[in-house]
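Okay, so here's the structure we're looking at.
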Amino acid sequence: MITVKTFINNPLDENTYVVSDASRQAVIIDCGALSATEREAIRQYVLQESLQPVLFLLTHGHFDHIFGAQWVSDAYALSPAMLEPELPLYQKGCRQLHEMFGTHLQFLVPSPGKMLHHGDTLIFGHRTALHVIATPGHTPGGCCYYIEGPDPMVFTGDSLFKGGIGRTDFPGGSAAALKDSLTSRILSLPPATTVYPGHGAPTTINAERNSVFL
């Protein structure tokens with residue numbers, strides 16, 4: 001059985017996920033925890049559930065999804081894994097804020113870990129497999145993480161939301177690429193697959209197949 005715990009973080013209400021199976025090993029996806037209170041909530045959950053974080057994954061490198069990256073690295077000795085095309089965006093986290101909003105907020109990001117590729121499979125716990133699906137469009141190196149099984153799920157970052165898709169007007173974005181990514185690689189997943197997006201409530205593949213953007 002897979003357990004998904006959602007933490008809503010920072011002023012942009014970003015979803016940070018802690019995913020675990022019966023082994024108590026866990027994966028942290030997109031840590032946007034900015035405040036000490038947000039980070040402590042994650043720490044307490046990991047502690048209370050006796051979890052062992054073994055993977056730290058990014059769906060993409062926008063600042064609101066990496067505010068807590070350095071904290072995860074310090075707390076659990078994990079480096080963030082991402083698709084290689086996302087590395088330049090990730091490395092300029094602070095500059096993103098200035099370029100997009102004129103805000104000068106300084107925060108650190110750790111050295112990146114494993115560079116992922118479309119089609120990779122990551123294993124944790126009791127042979128739980130996360131399949132890496134490249135979904136460029138919101139950002140050049142955006143990706144999703146898919147877990148098969150009787151209760152399939154996919155973590156879509158800012159590529160797919162409940163009733164909508166990610167913005168493509170930021171540098172490196174492409175509406176055509178995102179639509180192609182979603183129609184060819186994500187909406188073809190089993191209809192009952194639960195979608196855990198980077199912001200907002202969960203949805204299902206079946207519900208999003210009928211989204212107006214198609």
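Order determines the names: the first chain of the structure tokens is A, the second B, and so forth; residues in each chain are numbered 1 upward, and ligands are numbered 1 upward as they are shown.
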Contacts between region 107-124 of chain A and region 12-97 of chain A, please, where a residue of region 12-97 of chain A counts if it comes within 8 Å (with only C-alpha atoms); show its shortest atom pair and distance in Å to one decimal, rows by chain and ascending number, as a Markdown table.
| residue | atom | partner | partner_atom | distance |
| --- | --- | --- | --- | --- |
| A:Gln25 | CA | A:Phe124 | CA | 6.7 |
| A:Ala26 | CA | A:Phe124 | CA | 7.5 |
| A:Val27 | CA | A:Phe124 | CA | 7.9 |
| A:Val54 | CA | A:Phe124 | CA | 7.3 |
| A:Leu55 | CA | A:Phe124 | CA | 7.9 |
| A:Ile66 | CA | A:Val109 | CA | 7.3 |
| A:Phe67 | CA | A:Phe107 | CA | 6.9 |
| A:Ala69 | CA | A:Val109 | CA | 5.8 |
| A:Gln70 | CA | A:Val109 | CA | 4.9 |
| A:Ser73 | CA | A:Pro110 | CA | 6.7 |
| A:Leu78 | CA | A:Gly113 | CA | 7.9 |
| A:Ser79 | CA | A:Gly113 | CA | 4.6 |
| A:Pro80 | CA | A:Gly113 | CA | 5.1 |
| A:Ala81 | CA | A:Lys114 | CA | 4.8 |
| A:Met82 | CA | A:Leu116 | CA | 5.4 |
| A:Leu83 | CA | A:Leu116 | CA | 4.5 |
| A:Glu84 | CA | A:Met115 | CA | 5.3 |
| A:Leu87 | CA | A:Pro112 | CA | 7.9 |
| A:Gln91 | CA | A:Val109 | CA | 7.3 |
| A:Gly93 | CA | A:Val109 | CA | 7.6 |
| A:Cys94 | CA | A:Phe107 | CA | 6.5 |
Within 10 Å of region 185-194 of chain A, which residues of region 67-164 of chain A show up? Give each one with its shortest atom-to-atom distance in Å (one decimal) and the two atoms involved, counting only C-alpha atoms, rows by chain then rising residue number, as JSON lines.
{"residue": "A:Ile133", "atom": "CA", "partner": "A:Arg185", "partner_atom": "CA", "distance": 7.2}
{"residue": "A:Ala134", "atom": "CA", "partner": "A:Arg185", "partner_atom": "CA", "distance": 8.2}
{"residue": "A:Thr135", "atom": "CA", "partner": "A:Arg185", "partner_atom": "CA", "distance": 7.7}
{"residue": "A:Cys144", "atom": "CA", "partner": "A:Ile186", "partner_atom": "CA", "distance": 8.4}
{"residue": "A:Tyr146", "atom": "CA", "partner": "A:Leu189", "partner_atom": "CA", "distance": 9.0}
{"residue": "A:Ile147", "atom": "CA", "partner": "A:Thr193", "partner_atom": "CA", "distance": 9.0}
{"residue": "A:Glu148", "atom": "CA", "partner": "A:Thr193", "partner_atom": "CA", "distance": 8.5}
{"residue": "A:Gly149", "atom": "CA", "partner": "A:Thr193", "partner_atom": "CA", "distance": 9.5}
{"residue": "A:Pro150", "atom": "CA", "partner": "A:Thr193", "partner_atom": "CA", "distance": 9.3}
{"residue": "A:Asp151", "atom": "CA", "partner": "A:Thr193", "partner_atom": "CA", "distance": 6.9}
{"residue": "A:Pro152", "atom": "CA", "partner": "A:Thr193", "partner_atom": "CA", "distance": 4.8}
{"residue": "A:Met153", "atom": "CA", "partner": "A:Thr194", "partner_atom": "CA", "distance": 4.5}
{"residue": "A:Val154", "atom": "CA", "partner": "A:Thr194", "partner_atom": "CA", "distance": 6.3}
{"residue": "A:Phe155", "atom": "CA", "partner": "A:Thr194", "partner_atom": "CA", "distance": 8.5}
{"residue": "A:Thr156", "atom": "CA", "partner": "A:Ile186", "partner_atom": "CA", "distance": 8.7}
{"residue": "A:Ser159", "atom": "CA", "partner": "A:Ile186", "partner_atom": "CA", "distance": 9.6}
{"residue": "A:Leu160", "atom": "CA", "partner": "A:Ile186", "partner_atom": "CA", "distance": 8.8}
Mind checking which residues fall within 10 Å of Tyr45 (chain A), counting only C-alpha atoms, ignoring those fewer than 6 positions away in the same chain, and posting them as an NGL selection string? :A and (5 or 18 or 51)
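Checking A:Pro85, A:Pro140, A:Pro11, A:Gly157 one by one against Leu57 (chain A), counting only C-alpha atoms, you find the shortest gap at A:Gly157.
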Residue set, region 19-189 of chain A restricted to strand (DSSP E or B), as a PyMOL selection string: chain A and resi 19-20+25-29+52-57+81-83+115-116+121-124+128-134+143-147+153-157+160-161+164-165
Please report the interatomic distance between CA of Arg209 (chain A) and CA of Thr59 (chain A) in Å with one decimal. 21.0 Å
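Residue nearest Gly166 (chain A) within the list A:Thr128, A:Thr16, A:Asn9, A:Thr139: A:Thr139 [criterion: smallest interatomic distance, only C-alpha atoms].
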Selection: 12 Å around region 33-43 of chain A, only C-alpha atoms, excl. self and same-chain fewer than 2 positions, as an mmCIF file with N, CA and C atoms, in the first residue's frame:
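Okay, this is what ended up in result.cif:
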data_model
loop_
_atom_site.group_PDB
_atom_site.id
_atom_site.type_symbol
_atom_site.label_atom_id
_atom_site.label_comp_id
_atom_site.auth_asym_id
_atom_site.auth_seq_id
_atom_site.Cartn_x
_atom_site.Cartn_y
_atom_site.Cartn_z
ATOM 1 N N LYS A 5 1.308 11.726 1.626
ATOM 2 C CA LYS A 5 1.033 12.832 2.539
ATOM 3 C C LYS A 5 1.358 14.132 1.818
ATOM 4 N N THR A 6 0.399 15.056 1.824
ATOM 5 C CA THR A 6 0.564 16.336 1.141
ATOM 6 C C THR A 6 0.797 17.450 2.146
ATOM 7 N N PHE A 7 1.781 18.284 1.863
ATOM 8 C CA PHE A 7 2.049 19.486 2.653
ATOM 9 C C PHE A 7 1.910 20.685 1.725
ATOM 10 N N ILE A 8 1.060 21.641 2.100
ATOM 11 C CA ILE A 8 0.852 22.836 1.281
ATOM 12 C C ILE A 8 1.757 23.936 1.819
ATOM 13 N N ASN A 9 2.674 24.382 0.969
ATOM 14 C CA ASN A 9 3.758 25.245 1.439
ATOM 15 C C ASN A 9 3.864 26.558 0.676
ATOM 16 N N ASN A 10 4.440 27.538 1.337
ATOM 17 C CA ASN A 10 4.826 28.857 0.838
ATOM 18 C C ASN A 10 3.626 29.657 0.315
ATOM 19 N N PRO A 11 3.811 30.934 0.016
ATOM 20 C CA PRO A 11 2.683 31.773 -0.401
ATOM 21 C C PRO A 11 1.993 31.332 -1.688
ATOM 22 N N LEU A 12 2.627 30.472 -2.479
ATOM 23 C CA LEU A 12 2.002 30.011 -3.716
ATOM 24 C C LEU A 12 1.243 28.697 -3.536
ATOM 25 N N ASP A 13 1.099 28.239 -2.293
ATOM 26 C CA ASP A 13 0.354 27.011 -1.982
ATOM 27 C C ASP A 13 0.840 25.827 -2.815
ATOM 28 N N GLU A 14 2.143 25.635 -2.784
ATOM 29 C CA GLU A 14 2.766 24.527 -3.506
ATOM 30 C C GLU A 14 2.576 23.227 -2.743
ATOM 31 N N ASN A 15 2.344 22.140 -3.469
ATOM 32 C CA ASN A 15 2.177 20.823 -2.859
ATOM 33 C C ASN A 15 3.512 20.090 -2.785
ATOM 34 N N THR A 16 3.932 19.810 -1.569
ATOM 35 C CA THR A 16 5.085 18.938 -1.320
ATOM 36 C C THR A 16 4.538 17.578 -0.934
ATOM 37 N N TYR A 17 5.085 16.516 -1.510
ATOM 38 C CA TYR A 17 4.589 15.172 -1.235
ATOM 39 C C TYR A 17 5.646 14.313 -0.558
ATOM 40 N N VAL A 18 5.190 13.544 0.440
ATOM 41 C CA VAL A 18 6.004 12.493 1.036
ATOM 42 C C VAL A 18 5.285 11.181 0.737
ATOM 43 N N VAL A 19 5.938 10.334 -0.033
ATOM 44 C CA VAL A 19 5.330 9.092 -0.526
ATOM 45 C C VAL A 19 6.065 7.918 0.106
ATOM 46 N N ILE A 28 10.546 12.074 -1.137
ATOM 47 C CA ILE A 28 10.074 13.454 -1.039
ATOM 48 C C ILE A 28 10.054 14.040 -2.444
ATOM 49 N N ILE A 29 8.907 14.597 -2.827
ATOM 50 C CA ILE A 29 8.760 15.172 -4.166
ATOM 51 C C ILE A 29 8.470 16.662 -4.041
ATOM 52 N N ASP A 30 9.339 17.491 -4.646
ATOM 53 C CA ASP A 30 9.132 18.950 -4.738
ATOM 54 C C ASP A 30 8.950 19.611 -3.372
ATOM 55 N N CYS A 31 10.030 19.787 -2.658
ATOM 56 C CA CYS A 31 9.909 20.411 -1.345
ATOM 57 C C CYS A 31 9.931 21.938 -1.466
ATOM 58 N N TYR A 45 6.220 14.725 10.710
ATOM 59 C CA TYR A 45 5.514 13.616 10.054
ATOM 60 C C TYR A 45 6.463 12.453 9.795
ATOM 61 N N VAL A 46 7.628 12.748 9.260
ATOM 62 C CA VAL A 46 8.622 11.697 8.996
ATOM 63 C C VAL A 46 8.996 10.983 10.285
ATOM 64 N N LEU A 47 9.172 11.752 11.346
ATOM 65 C CA LEU A 47 9.548 11.183 12.643
ATOM 66 C C LEU A 47 8.429 10.333 13.224
ATOM 67 N N GLN A 48 7.225 10.863 13.241
ATOM 68 C CA GLN A 48 6.091 10.158 13.849
ATOM 69 C C GLN A 48 5.735 8.878 13.108
ATOM 70 N N GLU A 49 5.935 8.882 11.790
ATOM 71 C CA GLU A 49 5.613 7.694 10.997
ATOM 72 C C GLU A 49 6.812 6.754 10.842
ATOM 73 N N SER A 50 7.913 7.094 11.497
ATOM 74 C CA SER A 50 9.143 6.283 11.442
ATOM 75 C C SER A 50 9.588 6.046 9.998
ATOM 76 N N LEU A 51 9.554 7.101 9.207
ATOM 77 C CA LEU A 51 9.922 6.998 7.805
ATOM 78 C C LEU A 51 11.413 7.232 7.604
ATOM 79 N N GLN A 52 11.917 6.657 6.540
ATOM 80 C CA GLN A 52 13.307 6.861 6.133
ATOM 81 C C GLN A 52 13.314 7.421 4.713
ATOM 82 N N PRO A 53 13.440 8.736 4.545
ATOM 83 C CA PRO A 53 13.511 9.277 3.188
ATOM 84 C C PRO A 53 14.755 8.771 2.466
ATOM 85 N N PHE A 63 11.096 28.144 -8.464
ATOM 86 C CA PHE A 63 11.475 28.492 -7.091
ATOM 87 C C PHE A 63 10.509 27.974 -6.034
ATOM 88 N N ASP A 64 9.207 27.999 -6.311
ATOM 89 C CA ASP A 64 8.235 27.600 -5.293
ATOM 90 C C ASP A 64 8.270 26.107 -5.014
ATOM 91 N N HIS A 65 8.943 25.348 -5.872
ATOM 92 C CA HIS A 65 9.066 23.901 -5.670
ATOM 93 C C HIS A 65 10.420 23.509 -5.084
ATOM 94 N N ILE A 66 11.311 24.493 -4.894
ATOM 95 C CA ILE A 66 12.654 24.169 -4.398
ATOM 96 C C ILE A 66 13.071 25.003 -3.185
ATOM 97 N N PHE A 67 12.151 25.793 -2.645
ATOM 98 C CA PHE A 67 12.480 26.569 -1.448
ATOM 99 C C PHE A 67 13.078 25.690 -0.347
ATOM 100 N N GLY A 68 12.583 24.464 -0.219
ATOM 101 C CA GLY A 68 13.032 23.580 0.852
ATOM 102 C C GLY A 68 14.080 22.573 0.442
ATOM 103 N N ALA A 69 14.652 22.734 -0.741
ATOM 104 C CA ALA A 69 15.607 21.739 -1.236
ATOM 105 C C ALA A 69 16.850 21.641 -0.355
ATOM 106 N N GLN A 70 17.384 22.782 0.046
ATOM 107 C CA GLN A 70 18.570 22.757 0.894
ATOM 108 C C GLN A 70 18.252 22.122 2.245
ATOM 109 N N TRP A 71 17.069 22.406 2.757
ATOM 110 C CA TRP A 71 16.669 21.819 4.045
ATOM 111 C C TRP A 71 16.583 20.296 3.941
ATOM 112 N N VAL A 72 15.975 19.779 2.870
ATOM 113 C CA VAL A 72 15.897 18.327 2.686
ATOM 114 C C VAL A 72 17.296 17.731 2.609
ATOM 115 N N ASP A 74 20.065 18.904 3.897
ATOM 116 C CA ASP A 74 20.698 18.953 5.215
ATOM 117 C C ASP A 74 20.085 17.949 6.183
ATOM 118 N N ALA A 75 18.758 17.820 6.144
ATOM 119 C CA ALA A 75 18.059 16.980 7.125
ATOM 120 C C ALA A 75 18.202 15.490 6.831
ATOM 121 N N TYR A 76 18.230 15.120 5.546
ATOM 122 C CA TYR A 76 18.180 13.699 5.196
ATOM 123 C C TYR A 76 19.327 13.245 4.288
ATOM 124 N N LEU A 105 14.584 37.611 -2.772
ATOM 125 C CA LEU A 105 14.575 36.673 -1.657
ATOM 126 C C LEU A 105 15.716 35.694 -1.873
ATOM 127 N N GLN A 106 16.626 35.649 -0.942
ATOM 128 C CA GLN A 106 17.787 34.772 -1.068
ATOM 129 C C GLN A 106 17.525 33.428 -0.401
ATOM 130 N N PHE A 107 17.786 32.365 -1.124
ATOM 131 C CA PHE A 107 17.713 31.026 -0.539
ATOM 132 C C PHE A 107 18.714 30.138 -1.264
ATOM 133 N N LEU A 108 19.177 29.117 -0.561
ATOM 134 C CA LEU A 108 20.188 28.220 -1.104
ATOM 135 C C LEU A 108 19.539 27.001 -1.741
#
Min atom-atom distance to Leu58 (chain A) from the set A:Ser23, A:Leu89, A:Thr3, A:Leu182, counting only C-alpha atoms, belongs to A:Leu89
Please identify all polymer residues within 7 Å of His60 (chain A), counting only C-alpha atoms, omitting same-chain residues fewer than 2 positions from it, and present them as a ChimeraX atom specification. /A:58,62,86,139,141-143
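Rounded to one decimal, CA of Asp180 (chain A) and CA of Gly200 (chain A) lie 22.5 Å from each other.
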Point-to-point distance from CA of Tyr196 (chain A) to CA of Ala22 (chain A), Å rounded to tenths: 20.1 Å
Mind checking DSSP for chain A and telling me the alpha helix (DSSP H) residues as a ChimeraX atom specification? /A:36-48,69-76,87-91,93-101,175-181,205-208
Emit the selected residues as a compact mmCIF listing (two decimals), in the first residue's frame, including N, CA and C atoms.
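Saved file part-v3.txt follows:
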# COMPACT_ATOMS: atom_id res chain seq x y z
N ALA A 36 10.20 27.97 8.68
CA ALA A 36 10.61 26.97 9.68
C ALA A 36 9.42 26.11 10.10
N THR A 37 8.24 26.71 10.17
CA THR A 37 7.04 25.97 10.56
C THR A 37 6.69 24.91 9.53
N GLU A 38 6.79 25.27 8.26
CA GLU A 38 6.50 24.31 7.19
C GLU A 38 7.49 23.15 7.20
N ARG A 39 8.73 23.47 7.42
CA ARG A 39 9.74 22.42 7.43
C ARG A 39 9.59 21.51 8.65
N GLU A 40 9.23 22.09 9.76
CA GLU A 40 9.04 21.30 10.98
C GLU A 40 7.86 20.35 10.83
N ALA A 41 6.82 20.75 10.12
CA ALA A 41 5.66 19.87 9.91
C ALA A 41 6.07 18.62 9.15
N ILE A 42 6.91 18.79 8.14
CA ILE A 42 7.41 17.63 7.39
C ILE A 42 8.29 16.76 8.27
N ARG A 43 9.18 17.40 9.01
CA ARG A 43 10.09 16.66 9.89
C ARG A 43 9.31 15.83 10.90
N GLN A 44 8.29 16.43 11.50
CA GLN A 44 7.50 15.74 12.51
C GLN A 44 6.74 14.55 11.90
N TYR A 45 6.22 14.73 10.71
CA TYR A 45 5.51 13.62 10.05
C TYR A 45 6.46 12.45 9.79
N VAL A 46 7.63 12.75 9.26
CA VAL A 46 8.62 11.70 9.00
C VAL A 46 9.00 10.98 10.28
N LEU A 47 9.17 11.75 11.35
CA LEU A 47 9.55 11.18 12.64
C LEU A 47 8.43 10.33 13.22
N GLN A 48 7.22 10.86 13.24
CA GLN A 48 6.09 10.16 13.85
C GLN A 48 5.74 8.88 13.11
N ALA A 69 14.65 22.73 -0.74
CA ALA A 69 15.61 21.74 -1.24
C ALA A 69 16.85 21.64 -0.35
N GLN A 70 17.38 22.78 0.05
CA GLN A 70 18.57 22.76 0.89
C GLN A 70 18.25 22.12 2.25
N TRP A 71 17.07 22.41 2.76
CA TRP A 71 16.67 21.82 4.05
C TRP A 71 16.58 20.30 3.94
N VAL A 72 15.97 19.78 2.87
CA VAL A 72 15.90 18.33 2.69
C VAL A 72 17.30 17.73 2.61
N SER A 73 18.17 18.40 1.88
CA SER A 73 19.54 17.91 1.75
C SER A 73 20.24 17.86 3.09
N ASP A 74 20.06 18.90 3.90
CA ASP A 74 20.70 18.95 5.22
C ASP A 74 20.09 17.95 6.18
N ALA A 75 18.76 17.82 6.14
CA ALA A 75 18.06 16.98 7.12
C ALA A 75 18.20 15.49 6.83
N TYR A 76 18.23 15.12 5.55
CA TYR A 76 18.18 13.70 5.20
C TYR A 76 19.33 13.25 4.29
N LEU A 87 18.28 21.53 -15.15
CA LEU A 87 19.36 21.97 -14.29
C LEU A 87 19.61 23.49 -14.35
N PRO A 88 19.66 24.13 -15.51
CA PRO A 88 19.91 25.58 -15.53
C PRO A 88 18.85 26.37 -14.77
N LEU A 89 17.58 25.97 -14.89
CA LEU A 89 16.52 26.66 -14.17
C LEU A 89 16.66 26.47 -12.68
N TYR A 90 16.93 25.25 -12.27
CA TYR A 90 17.11 24.93 -10.85
C TYR A 90 18.23 25.76 -10.24
N GLN A 91 19.31 25.91 -10.95
CA GLN A 91 20.49 26.57 -10.40
C GLN A 91 20.33 28.08 -10.26
N GLY A 93 17.55 29.61 -8.91
CA GLY A 93 16.32 29.73 -8.14
C GLY A 93 16.04 31.15 -7.67
N CYS A 94 17.02 31.81 -7.08
CA CYS A 94 16.81 33.17 -6.57
C CYS A 94 16.57 34.14 -7.72
N ARG A 95 17.29 33.96 -8.80
CA ARG A 95 17.15 34.87 -9.94
C ARG A 95 15.77 34.76 -10.58
N GLN A 96 15.18 33.57 -10.51
CA GLN A 96 13.82 33.40 -11.02
C GLN A 96 12.86 34.38 -10.36
N LEU A 97 12.95 34.47 -9.05
CA LEU A 97 12.06 35.35 -8.30
C LEU A 97 12.22 36.80 -8.76
N HIS A 98 13.45 37.20 -8.94
CA HIS A 98 13.70 38.58 -9.37
C HIS A 98 13.19 38.81 -10.79
N GLU A 99 13.45 37.86 -11.68
CA GLU A 99 13.04 38.03 -13.07
C GLU A 99 11.52 38.01 -13.24
N MET A 100 10.84 37.19 -12.44
CA MET A 100 9.39 37.05 -12.59
C MET A 100 8.61 38.09 -11.81
N PHE A 101 9.10 38.40 -10.59
CA PHE A 101 8.30 39.24 -9.69
C PHE A 101 9.06 40.44 -9.12
N ALA A 175 3.58 26.05 -25.11
CA ALA A 175 2.23 25.50 -25.05
C ALA A 175 2.09 24.26 -25.91
N ALA A 176 2.69 24.28 -27.11
CA ALA A 176 2.60 23.13 -28.01
C ALA A 176 3.29 21.91 -27.40
N ALA A 177 4.46 22.13 -26.79
CA ALA A 177 5.19 21.01 -26.20
C ALA A 177 4.43 20.43 -25.02
N LEU A 178 3.83 21.29 -24.20
CA LEU A 178 3.11 20.78 -23.03
C LEU A 178 1.88 19.99 -23.46
N LYS A 179 1.14 20.50 -24.42
CA LYS A 179 -0.04 19.77 -24.88
C LYS A 179 0.36 18.41 -25.44
N ASP A 180 1.44 18.38 -26.21
CA ASP A 180 1.91 17.10 -26.76
C ASP A 180 2.35 16.15 -25.65
N SER A 181 3.07 16.69 -24.66
CA SER A 181 3.52 15.87 -23.53
C SER A 181 2.35 15.22 -22.82
N ILE A 205 -6.96 10.87 -14.06
CA ILE A 205 -6.72 10.94 -15.49
C ILE A 205 -8.04 10.97 -16.25
N ASN A 206 -9.02 10.18 -15.81
CA ASN A 206 -10.31 10.14 -16.49
C ASN A 206 -10.96 11.52 -16.51
N ALA A 207 -10.90 12.22 -15.38
CA ALA A 207 -11.52 13.55 -15.32
C ALA A 207 -10.80 14.53 -16.24
N GLU A 208 -9.47 14.44 -16.29
CA GLU A 208 -8.71 15.42 -17.07
C GLU A 208 -8.71 15.14 -18.56
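In this comparison, which uses only C-alpha atoms, the residue of A:Gly137, A:Gly32, A:Ala77, A:His199 approaching Phe170 (chain A) most closely is A:Gly137.
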